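For reference, the structure is listed below as structure tokens.
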Amino acid sequence: MLSERALPKPGSPEAMAAWRAACTEYDRLTRIGDGDYERLRIGASSTLWTPDKVRSAIAGDFSSAASSDEALAMASQSRAELQDLLVLTMRRDLQSEEAARNTRLHEMFALAYPDEVAPPAEVDAQEGADPIVAVIANHKAAYAAWLPHLRTVSDTLQTDPAFTALEAAAEAPKKREADAYASLAEVSPTTLAGLVALADYLPGAVLRNAVVDADNDAMKALTAMCSAVKALLGDDIGLRAALHERRARADEFLAEMERDGFLPYPADNPRSLLATDYAIRYEAERLLAIAQSAFDRRANAYAGFPTAERDRHLERLRAEYRLDQLAAVVDGSPMAASKLTDEILAGWREWANDPRHFDEEECEATRALSEKRYALIDAAEALPATQENLPAKTLALAWLGYVDLWWNGRARDDYGTDGRLALDIDTAISGRTLLKGY
């Protein structure tokens with residue numbers, strides 16, 4: 001064999017030649033006689049006994065058989081015959097390991113095929129995650145690592161001197177893939193999302209591992225069951241994921257755009273910041289509508305009751321749905337006009353001094369300021385038409401007028417009276433003067 005100093009470059013023709021030479025020598029050292037080969041065959045199949053298969057047969061477990069004929073052949077062996085087979089298979093494995101070490105078989109394979117020697121990385125389940133997700137990922141990686149070996153062995157004739165060595169080199173990735181495949185049946189999903197993921201992956205994995213044919217009755221049943229799981233639960237999982245995403249966006253919105261006295265609104269899919277007083281009132285209005293609808297439906301059931309009894313039931317329903325409490329919140333006074341005036345002044349100043357406030361499509365923070373402006377104007381519009389509310393309503397009207405009238409590059413004197421008034425109000429609030437070319 002090659003010395004350490006003379007090792008060829010990985011992937012080079014010399015490395016391939018060294019690998020072939022190691023295969024030939026390995027095949028010579030591990031060749032068994034015709035008699036032992038016949039003893040190692042499982043029935044009339046070309047599958048050979050291994051220590052694991054023998055131990056399973058001794059325990060009465062024939063689930064590792066590739067077919068019913070093979071299972072019957074395994075079951076037909078007496079205990080004494082199985083004990084002899086165990087000694088023979090273990091001796092063969094030891095002989096194979098010794099030959100692999102003497103020929104440096106795995107080292108030569110790594111030089112000839114440097115891109116195929118890395119074992120698949122184990123995927124650890126994240127804390128709190130469904131364990132089946134990691135199991136599926138591990139099997140995908142293990143199968144991808146084993147596939148090149150499977151193709152090489154399948155494309156090599158058994159009469160080729162390199163066949164035995166190629167088969168031996170495939171054992172380790174083959175075992176990793178087999179263990180990963182077994183985990184698909186051993187690990188149970190803990191979430192609906194994990195169950196749907198397994199239902200989506202399992203039929204294909206079974207077919208790729210050639211466990212059964214596609215037209216096998218068991219395979220058809222498995223496919224039908226997995227399809228039903230995806231059909232029944234897939235949409236529900238999608239809705240749950242969408243709701244989770246919307247809530248995450250709400251949390252992100254709150255973290256980035258939190259302002260004293262304001263809340264992201266609506267809570268599950270925020271589009272603006274709304275004054276806390278108004279957010280509470282709007283939520284109360286929504287809940288009151290739900291409660292009133294339920295109350296009306298149930299009240300119909302007592303239409304024919306005596307008046308006293310009917311009133312008693314209706315009073316109970318009103319308490320159950322908290323109609324009076326919700327109505328009190330809805331009918332309560334909105335934000336004090338003086339407070340809203342201060343909020344408008346502060347909001348206008350913040351919005352006006354944002355350098356991108358006329359380009360809100362390009363900046364999330366700018367869009368949020370614009371939404372806050374809409375909420376403040378809406379709040380002013382909702383106030384009763386009284387003199388105490390006049391400052392808030394006037395500022396809201398001026399803010400609307402300013403945005404409607406403003407024109408990029410136009411100086412103050414180029415506007416009409418309404419425009420000049422709006423621009424002057426903006427200047428007084430924001431502390432900036434609009435110049436030509438602004």
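Scheme for the structure tokens: letters A, B, ... for chains in order shown; per-chain residue numbers from 1; ligand numbers from 1 in order shown.
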
For segment 83-185 of chain A versus segment 192-204 of chain A, which residues have an atom no more than 12 Å away, and what is each residue's nearest atom pair and distance in Å rounded to one decimal, using only C-alpha atoms, chain-then-number order, as CSV?
```
residue,atom,partner,partner_atom,distance
A:Ala129,CA,A:Gly194,CA,9.0
A:Asp130,CA,A:Gly194,CA,6.0
A:Pro131,CA,A:Gly194,CA,8.0
A:Ile132,CA,A:Gly194,CA,6.1
A:Val133,CA,A:Gly194,CA,6.4
A:Ala134,CA,A:Gly194,CA,10.0
A:Val135,CA,A:Leu198,CA,9.4
A:Ile136,CA,A:Leu198,CA,7.4
A:Ala137,CA,A:Tyr201,CA,10.2
A:His139,CA,A:Tyr201,CA,10.2
A:Lys140,CA,A:Tyr201,CA,9.7
A:Tyr181,CA,A:Leu202,CA,9.5
A:Ala182,CA,A:Leu202,CA,11.3
A:Ser183,CA,A:Leu202,CA,11.3
A:Leu184,CA,A:Leu202,CA,7.6
A:Ala185,CA,A:Leu202,CA,9.1
```

**Asked** What's the 12 Å shell around Tyr26 of chain A, counting only C-alpha atoms, without same-chain residues fewer than 4 positions away, as an MDAnalysis selection string?
**Response** chainID A and resid 1 19:22 30:32 95:106 108 161:169

**Request:** State, in Å with one decimal place, the distance from atom CA of Ala294 of chain A to atom CA of Leu317 of chain A.
**Result:** 9.3 Å

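Closest to Ser12 of chain A among A:Asp69, A:Arg176, A:Ala110, A:Gly35 is A:Ala110, based on only C-alpha atoms.
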